[in-house]
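K.L.:
Below is upload15.txt; it holds compact mmCIF, C-alpha atoms and all ligand atoms.
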```
# COMPACT_ATOMS: atom_id res chain seq x y z
CA MET A 1 8.40 5.62 -20.27
CA THR A 2 9.66 3.11 -22.82
CA ASN A 3 9.52 -0.61 -22.15
CA ILE A 4 7.19 0.05 -19.23
CA GLN A 5 6.75 -3.63 -18.32
CA ARG A 6 10.35 -3.91 -17.22
CA VAL A 7 10.25 -1.46 -14.34
CA SER A 8 10.40 -3.05 -10.91
CA ALA A 9 9.25 -1.49 -7.63
CA SER A 10 12.87 -1.55 -6.46
CA ARG A 11 13.96 0.44 -9.49
CA LEU A 12 11.22 3.04 -8.98
CA ALA A 13 12.28 3.32 -5.34
CA CYS A 14 15.95 3.78 -6.29
CA GLU A 15 15.06 6.40 -8.88
CA ALA A 16 12.99 8.31 -6.32
CA MET A 17 15.99 8.12 -3.93
CA ARG A 18 18.40 9.15 -6.75
CA TRP A 19 20.33 5.93 -6.07
CA HIS A 20 22.37 4.09 -8.68
CA PRO A 21 21.96 0.32 -8.95
CA MET A 22 24.61 -1.90 -7.38
CA GLY A 23 26.64 -4.59 -9.12
CA SER A 24 27.64 -4.84 -12.76
CA PRO A 25 26.12 -6.22 -15.97
CA GLY A 26 28.95 -8.72 -16.30
CA ALA A 27 28.28 -10.35 -12.94
CA HIS A 28 25.59 -12.78 -14.15
CA ASN A 29 24.68 -15.11 -17.00
CA GLY A 30 21.00 -14.18 -17.35
CA GLY A 31 18.08 -15.66 -15.45
CA HIS A 32 15.90 -13.69 -13.06
CA CYS A 33 16.47 -11.48 -10.05
CA ALA A 34 15.99 -13.61 -6.92
CA MET A 35 14.03 -10.78 -5.28
CA CYS A 36 11.83 -8.89 -7.78
CA GLY A 37 11.78 -11.74 -10.31
CA HIS A 38 12.56 -9.42 -13.24
CA ARG A 39 14.67 -10.82 -16.06
CA LEU A 40 18.38 -10.10 -15.95
CA ASP A 41 19.33 -8.91 -19.43
CA LYS A 42 22.89 -8.44 -20.60
CA GLU A 43 22.80 -4.78 -19.57
CA THR A 44 21.13 -5.35 -16.16
CA PRO A 45 23.50 -4.66 -13.26
CA ALA A 46 23.38 -7.47 -10.69
CA LEU A 47 25.38 -9.20 -7.99
CA PRO A 48 25.41 -12.66 -6.46
CA LEU A 49 22.58 -13.31 -3.98
CA LYS A 50 25.01 -14.00 -1.13
CA ASP A 51 26.61 -10.56 -1.65
CA ALA A 52 23.28 -8.71 -1.74
CA ILE A 53 21.72 -10.00 1.46
CA ASN A 54 22.89 -10.74 4.95
CA GLU A 55 22.28 -14.49 5.26
CA LYS A 56 22.24 -14.34 9.05
CA SER A 57 19.50 -11.75 9.36
CA PHE A 58 17.50 -12.31 6.16
CA THR A 59 14.19 -14.09 6.82
CA ASP A 60 12.23 -13.87 3.56
CA TRP A 61 13.74 -16.95 1.89
CA THR A 62 10.36 -18.31 0.82
CA PHE A 63 9.67 -15.17 -1.24
CA LEU A 64 12.82 -15.48 -3.35
CA ALA A 65 12.63 -16.78 -6.93
CA ARG A 66 13.44 -20.49 -6.78
CA GLY A 67 16.85 -21.33 -8.18
CA ALA A 68 17.84 -17.72 -8.84
CA THR A 69 21.48 -16.98 -8.04
CA HIS A 70 21.67 -13.21 -8.54
CA VAL A 71 19.92 -10.06 -7.42
CA CYS A 72 19.38 -7.04 -9.67
CA GLY A 73 21.25 -3.90 -8.71
CA TRP A 74 18.08 -2.04 -7.71
CA CYS A 75 16.77 -4.71 -5.30
CA ALA A 76 20.26 -5.03 -3.81
CA ARG A 77 20.40 -1.27 -3.27
CA THR A 78 17.08 -1.15 -1.39
CA VAL A 79 18.12 -3.82 1.11
CA THR A 80 21.65 -2.58 1.73
CA SER A 81 21.73 1.21 1.45
CA LYS A 82 20.85 3.50 4.30
CA ALA A 83 18.08 6.00 3.74
CA LYS A 84 17.96 9.38 5.41
CA GLY A 85 15.46 12.17 5.23
CA TYR A 86 12.67 13.95 7.02
CA ASP A 87 8.92 14.20 6.88
CA PRO A 88 7.76 17.78 6.26
CA ASN A 89 4.15 16.77 7.07
CA SER A 90 4.85 16.17 10.75
CA GLY A 91 5.97 19.77 11.29
CA LYS A 92 8.89 18.48 13.39
CA SER A 93 11.36 17.90 10.56
CA LYS A 94 11.82 14.47 12.09
CA VAL A 95 14.82 12.72 10.65
CA VAL A 96 14.17 9.23 9.41
CA GLU A 97 17.26 7.16 9.01
CA GLY A 98 18.12 3.52 8.51
CA ASP A 99 17.79 0.63 6.10
CA PHE A 100 15.54 1.81 3.25
CA THR A 101 12.81 -0.75 3.90
CA GLN A 102 12.82 -0.01 7.63
CA THR A 103 12.80 3.75 7.12
CA TYR A 104 10.01 3.86 4.60
CA ALA A 105 7.37 1.63 6.11
CA ASP A 106 4.08 2.82 4.58
CA VAL A 107 4.74 4.85 1.45
CA VAL A 108 3.64 5.78 -2.04
CA ILE A 109 6.47 5.99 -4.57
CA THR A 110 6.19 7.93 -7.80
CA PRO A 111 8.85 9.47 -10.07
CA GLU A 112 7.94 12.70 -8.22
CA GLY A 113 9.18 11.35 -4.90
CA ILE A 114 8.38 9.19 -1.87
CA PHE A 115 5.23 10.14 0.01
CA PRO A 116 4.00 9.05 3.47
CA PHE A 117 1.04 6.65 3.46
CA ARG A 118 0.60 6.03 7.18
CA THR A 119 -2.01 8.54 8.34
CA ASN A 120 -5.70 8.38 7.44
CA GLN A 121 -5.24 11.74 5.69
CA ALA A 122 -2.48 10.44 3.44
CA ARG A 123 -4.23 7.14 2.75
CA ALA A 124 -7.52 8.83 1.92
CA TRP A 125 -5.78 11.22 -0.47
CA PHE A 126 -3.89 8.60 -2.46
CA LEU A 127 -6.66 6.01 -2.48
CA LEU A 128 -9.07 8.53 -3.99
CA ASN A 129 -6.44 10.29 -6.12
CA PRO A 130 -4.04 7.65 -7.45
CA PRO A 131 -0.78 9.05 -8.87
CA GLU A 132 0.09 8.98 -12.56
CA PRO A 133 1.46 5.51 -13.38
CA PRO A 134 3.83 3.92 -12.83
CA TYR A 135 3.62 4.04 -9.05
CA VAL A 136 4.08 1.74 -6.08
CA LEU A 137 2.61 1.72 -2.60
CA TRP A 138 2.78 -0.59 0.35
CA VAL A 139 1.87 -0.96 3.99
CA LYS A 140 4.02 -2.94 6.39
CA SER A 141 2.29 -5.14 8.96
CA ALA A 142 5.35 -5.68 11.14
CA GLN A 143 8.35 -3.59 12.13
CA ARG A 144 10.99 -5.68 10.43
CA GLN A 145 9.56 -6.46 7.04
CA HIS A 146 11.10 -6.04 3.60
CA VAL A 147 8.29 -5.15 1.27
CA VAL A 148 9.62 -3.00 -1.58
CA TRP A 149 10.92 -5.79 -3.81
CA ARG A 150 7.66 -7.75 -3.40
CA ALA A 151 5.46 -4.74 -4.21
CA ASN A 152 3.39 -4.56 -7.39
CA VAL A 153 4.02 -1.74 -9.84
CA ASN A 154 0.72 -0.09 -10.71
CA TYR A 155 0.05 0.96 -14.29
CA SER A 156 -3.53 2.11 -13.87
CA ARG A 157 -5.35 4.83 -11.93
CA ASP A 158 -8.52 2.71 -11.92
CA LEU A 159 -7.11 -0.27 -10.06
CA MET A 160 -4.56 -0.14 -7.24
CA VAL A 161 -2.80 -3.33 -6.15
CA PHE A 162 -0.45 -3.25 -3.19
CA PRO A 163 0.96 -5.36 -0.38
CA HIS A 164 -0.28 -4.97 3.18
CA GLY A 165 2.35 -7.04 4.90
CA PHE A 166 1.97 -10.51 3.40
CA GLN A 167 -1.47 -9.85 1.95
CA THR A 168 -2.25 -8.23 -1.39
CA LEU A 169 -4.98 -5.59 -1.40
CA VAL A 170 -6.99 -4.38 -4.38
CA VAL A 171 -8.67 -0.98 -4.43
CA ARG A 172 -10.81 0.45 -7.25
CA PRO A 173 -10.93 4.18 -6.40
CA ALA A 174 -14.28 4.73 -8.19
CA GLN A 175 -15.85 1.83 -6.29
CA LEU A 176 -14.34 3.08 -3.04
CA GLU A 177 -15.92 6.49 -3.56
CA ARG A 178 -19.27 4.84 -4.32
CA GLY A 179 -18.90 2.68 -1.23
CA LYS A 180 -18.13 5.70 0.94
CA GLU A 181 -21.27 7.51 -0.30
CA ALA A 182 -23.41 4.40 0.31
CA TYR A 183 -21.92 3.89 3.78
CA ASP A 184 -22.45 7.55 4.74
CA GLU A 185 -26.07 7.37 3.60
CA LEU A 186 -26.69 4.18 5.58
CA LEU A 187 -25.06 5.63 8.69
CA ARG A 188 -26.98 8.90 8.35
CA ARG A 189 -30.30 7.05 8.18
CA TYR A 190 -29.35 4.70 11.01
CA GLN A 191 -28.28 7.57 13.26
CA SER A 192 -31.61 9.34 12.60
CA LEU A 193 -33.49 6.54 14.37
CA PRO A 194 -34.53 7.29 17.97
CA GLY A 195 -31.68 6.57 20.39
CA ASN A 196 -29.07 6.01 17.64
CA LYS A 197 -27.57 9.50 17.36
CA SER A 198 -24.32 8.53 19.05
CA ARG A 199 -23.73 5.28 17.13
CA LYS A 200 -20.42 5.69 15.29
CA THR A 201 -20.29 2.63 13.07
CA LEU A 202 -22.51 0.10 11.30
CA PHE A 203 -19.94 -2.67 11.67
CA ILE A 204 -19.40 -5.06 14.56
CA ARG A 205 -16.09 -3.47 15.59
CA GLY A 206 -15.44 -0.71 13.09
CA LEU A 207 -12.98 -1.28 10.27
CA SER A 208 -9.57 -2.75 10.98
CA ARG A 209 -6.40 -0.77 10.14
CA THR A 210 -4.31 -3.90 10.61
CA LEU A 211 -6.67 -6.41 8.92
CA GLU A 212 -6.23 -8.67 11.93
CA SER A 213 -9.89 -8.59 12.99
CA THR A 214 -11.97 -11.55 11.82
CA SER A 215 -15.06 -9.31 11.82
CA HIS A 216 -13.45 -6.76 9.45
CA GLY A 217 -16.29 -5.32 7.33
CA ALA A 218 -19.08 -7.37 8.95
CA PHE A 219 -22.27 -5.41 9.67
CA SER A 220 -23.63 -5.72 13.19
CA ASP A 221 -26.75 -7.86 13.72
CA ARG A 222 -28.63 -4.83 14.98
CA VAL A 223 -27.98 -2.95 11.72
CA LEU A 224 -28.89 -5.95 9.52
CA GLU A 225 -32.10 -6.41 11.47
CA TRP A 226 -33.03 -2.76 10.87
CA ILE A 227 -32.29 -3.05 7.13
CA ASN A 228 -34.38 -6.23 6.82
CA GLN A 229 -37.29 -4.77 8.77
CA GLN A 230 -37.70 -1.41 7.06
CA GLY A 231 -37.60 -2.85 3.51
CA ASP A 232 -36.51 0.36 1.76
CA PRO A 233 -34.91 -0.55 -1.63
CA GLU A 234 -32.53 2.44 -1.45
CA ILE A 235 -31.18 1.27 1.89
CA ARG A 236 -30.92 -2.28 0.57
CA GLU A 237 -28.93 -0.98 -2.41
CA CYS A 238 -26.54 0.94 -0.13
CA LEU A 239 -25.96 -2.27 1.84
CA GLU A 240 -25.19 -4.22 -1.34
CA ILE A 241 -22.74 -1.54 -2.55
CA VAL A 242 -20.80 -1.66 0.73
CA ARG A 243 -20.88 -5.45 0.71
CA SER A 244 -19.43 -5.49 -2.82
CA LEU A 245 -16.23 -3.75 -1.65
CA THR A 246 -13.04 -5.81 -1.67
CA PRO A 247 -11.21 -6.36 1.65
CA GLY A 248 -8.77 -3.65 0.49
CA GLU A 249 -11.58 -1.23 -0.23
CA LEU A 250 -13.08 -1.88 3.21
CA TRP A 251 -9.65 -1.21 4.71
CA ALA A 252 -9.53 2.03 2.69
CA LEU A 253 -13.07 2.93 3.79
CA GLY A 254 -11.78 2.79 7.36
CA ALA A 255 -9.30 5.60 6.56
CA LEU A 256 -11.96 7.64 4.80
CA THR A 257 -14.61 7.35 7.51
CA ALA A 258 -12.08 8.31 10.21
CA LEU A 259 -11.55 11.73 8.62
CA LYS A 260 -13.46 14.86 9.49
CA ASP A 261 -11.85 17.10 6.85
CA THR A 262 -11.28 16.80 3.11
CA PRO A 263 -7.96 14.99 2.61
CA GLN A 264 -4.99 17.03 1.38
CA LYS A 265 -2.08 15.71 -0.66
CA PRO A 266 0.87 15.07 1.68
CA LYS A 267 4.30 16.47 0.91
CA PRO A 268 7.01 14.02 -0.21
CA PHE A 269 9.78 13.03 2.20
CA VAL A 270 12.82 15.24 1.86
CA ILE A 271 15.68 12.94 0.90
CA MET A 272 19.05 13.85 2.40
ZN ZN B 1 15.34 -7.21 -8.50
```
For this file, produce the structure as structure tokens.
Ligand SMILES: [Zn+2]

P.N.:
Amino acid sequence: MTNIQRVSASRLACEAMRWHPMGSPGAHNGGHCAMCGHRLDKETPALPLKDAINEKSFTDWTFLARGATHVCGWCARTVTSKAKGYDPNSGKSKVVEGDFTQTYADVVITPEGIFPFRTNQARAWFLLNPPEPPYVLWVKSAQRQHVVWRANVNYSRDLMVFPHGFQTLVVRPAQLERGKEAYDELLRRYQSLPGNKSRKTLFIRGLSRTLESTSHGAFSDRVLEWINQQGDPEIRECLEIVRSLTPGELWALGALTALKDTPQKPKPFVIM
């Protein structure tokens, strides 16, 4: 892709949907898109902010670029056009229909299509096998939340940056894999102790899917006591590897540890 820096998440989403941008290049005098913040060049289609959003229902005013008067045609399209399609992974051909950002809540977007990112299976697959760049992914933390135009575009397979609601998560797939191996080894050794066979987690409450738990990623006192008492350097190293994971990687570890099978690549949504 030429001029790779200029691609916004909204544009990638529109291209995956086969949607044309809204507005016209003559509708603005430069500046930046109020939503994605990308520069409006002479050839960039755009429309006035008041025409792109519904002022009565829009609630993300604080995320808009300060002083910007126009919205690029791709951002405008994602918040106004209806999306329709079905998820072939569910086996029910369930039709998803509505405002794009409501329809596609947790997704991975690549030039190949829009993929579901809601189940542990799908999350585990993409977090360990990032798509070819550029790609975008996000997780919504509330039902009515417009995330696409605030999402980061990823240009690396070694570092994934994405919004989880209003937070930004960072996942290094290689470090996540290392963390998973270290966690599995710790758990295996802990479960081998007398009376521990049925213990399912080393953390206080398991890992949070919603990131709302204040104890997300905190080892239980009982586990820390065991690690301190037995003094095995290998176990100590496993603990340090898991502790070096970012909050996003711990969130990802939650998806990985919940799986019993090897994750499979999900099928893209069928756009109608
Ligand atoms: Zn924009």

K.L.:
Find the spatial neighbours of segment 115-132 of chain A, counting only C-alpha atoms, within a cut-off of 10 Å - ignore same-chain residues fewer than 4 positions away - and output them as an MDAnalysis selection string.

P.N.:
chainID A and resid 87:89 104:111 136:140 154:160 171:177 209 249 252:270

K.L.:
Hey, what's within 9 Å of Cys36 of chain A if we count all atoms listed in the file and toss same-chain stuff fewer than 2 positions away? As a ChimeraX atom specification, please?

P.N.:
/A:8-10,32-34,38-39,64-65,71-72,75,148-151

K.L.:
Taking (18.3, -2.7, -4.3) in the file's coordinates as the center, which residues reach within 9 Å of it, counting all atoms listed in the file, put as a short mmCIF file (atom, residue, chain, number, x, y, z; two decimals) with C-alpha atoms, keeping the file's coordinate frame?

P.N.:
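As written to disk, selection12.cif reads:
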```cif
data_model
loop_
_atom_site.label_atom_id
_atom_site.label_comp_id
_atom_site.auth_asym_id
_atom_site.auth_seq_id
_atom_site.Cartn_x
_atom_site.Cartn_y
_atom_site.Cartn_z
CA SER A 10 12.87 -1.55 -6.46
CA ARG A 11 13.96 0.44 -9.49
CA ALA A 13 12.28 3.32 -5.34
CA CYS A 14 15.95 3.78 -6.29
CA PRO A 21 21.96 0.32 -8.95
CA MET A 22 24.61 -1.90 -7.38
CA ALA A 52 23.28 -8.71 -1.74
CA VAL A 71 19.92 -10.06 -7.42
CA CYS A 72 19.38 -7.04 -9.67
CA GLY A 73 21.25 -3.90 -8.71
CA TRP A 74 18.08 -2.04 -7.71
CA CYS A 75 16.77 -4.71 -5.30
CA ALA A 76 20.26 -5.03 -3.81
CA ARG A 77 20.40 -1.27 -3.27
CA THR A 78 17.08 -1.15 -1.39
CA VAL A 79 18.12 -3.82 1.11
CA THR A 80 21.65 -2.58 1.73
CA SER A 81 21.73 1.21 1.45
CA TRP A 149 10.92 -5.79 -3.81
#
```

K.L.:
Quick one: residues within 7 Å of Lys82 of chain A, only C-alpha atoms, excluding same-chain residues fewer than 3 positions away - as an mmCIF file with C-alpha atoms, in the frame of the given file?

P.N.:
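Output contents, as saved in result.cif:
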```cif
data_model
loop_
_atom_site.group_PDB
_atom_site.id
_atom_site.type_symbol
_atom_site.label_atom_id
_atom_site.label_comp_id
_atom_site.auth_asym_id
_atom_site.auth_seq_id
_atom_site.Cartn_x
_atom_site.Cartn_y
_atom_site.Cartn_z
ATOM 1 C CA GLU A 97 17.260 7.160 9.010
ATOM 2 C CA GLY A 98 18.120 3.520 8.510
ATOM 3 C CA ASP A 99 17.790 0.630 6.100
ATOM 4 C CA PHE A 100 15.540 1.810 3.250
#
```

K.L.:
Using all atoms listed in the file, can you tell me which of A:Ser57, A:Thr69, A:Asn228, A:Thr103 comes closest to ligand ZN 1 (chain B)?

P.N.:
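Looking only at the distances to ligand ZN 1 (chain B), the closest residue turns out to be A:Thr69.
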
K.L.:
Which is closer to ligand ZN 1 (chain B) than all the others in A:Gly30, A:Leu40, A:Gly23, A:Pro163, using all atoms listed in the file?

P.N.:
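Closest candidate: A:Leu40.
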
K.L.:
Please, what distance in Å, to one decimal, runs between atom CA of Tyr190 of chain A and atom CA of Glu212 of chain A?

P.N.:
26.7 Å

K.L.:
Just give me the gap between atom CA of Thr101 of chain A and atom CA of Thr246 of chain A in Å, one decimal is fine.

P.N.:
26.9 Å

K.L.:
With only C-alpha atoms as the basis for distance, which of A:Glu15, A:Val161, A:Leu169, A:Ser192 is at the shortest distance from Leu250 of chain A?

P.N.:
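So, comparing all the options, the nearest one is A:Leu169.
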
K.L.:
In Å, how far is it from atom CA of Phe58 of chain A to atom CA of Ala46 of chain A?

P.N.:
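Straight-line distance from atom CA of Phe58 of chain A to atom CA of Ala46 of chain A works out to 18.5 Å.
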
K.L.:
If you take every atom of segment 217-229 of chain A that the file lists and fit an axis-aligned box around them with 4 Å extra on each side, what centre and edge lengths come out in Å to one decimal, as JSON?

P.N.:
```
{"center_x": -26.8, "center_y": -5.3, "center_z": 10.9, "size_x": 29.0, "size_y": 13.1, "size_z": 16.2}
```

K.L.:
Give me the residues within 9 Å of Ala182 of chain A as a list in words, counting all atoms listed in the file and dropping any in the same chain fewer than 6 places off.

P.N.:
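The residues satisfying every condition are Ile235, Glu237, Cys238, Leu239, Glu240, Ile241 and Val242 of chain A.
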
K.L.:
When you look at Ala218 of chain A with a cut-off of 12 Å (counting all atoms listed in the file), what residues show up, excluding the ones that are within fewer than 5 positions of it in the same chain? I need them as a PyMOL selection string.

P.N.:
chain A and resi 201-208+213+223-224+239+242-245+247+250

K.L.:
From the set A:Lys56, A:His216, A:His164, A:His70, which residue has the shortest atom-to-atom contact distance to ligand ZN 1 (chain B), counting all atoms listed in the file?

P.N.:
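Counting all atoms listed in the file, the residue closest to ligand ZN 1 (chain B) is A:His70.
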
K.L.:
From the set A:Thr44, A:Ser141, A:Gln230, A:Asn196, which residue has the shortest atom-to-atom contact distance to ligand ZN 1 (chain B), counting all atoms listed in the file?

P.N.:
A:Thr44
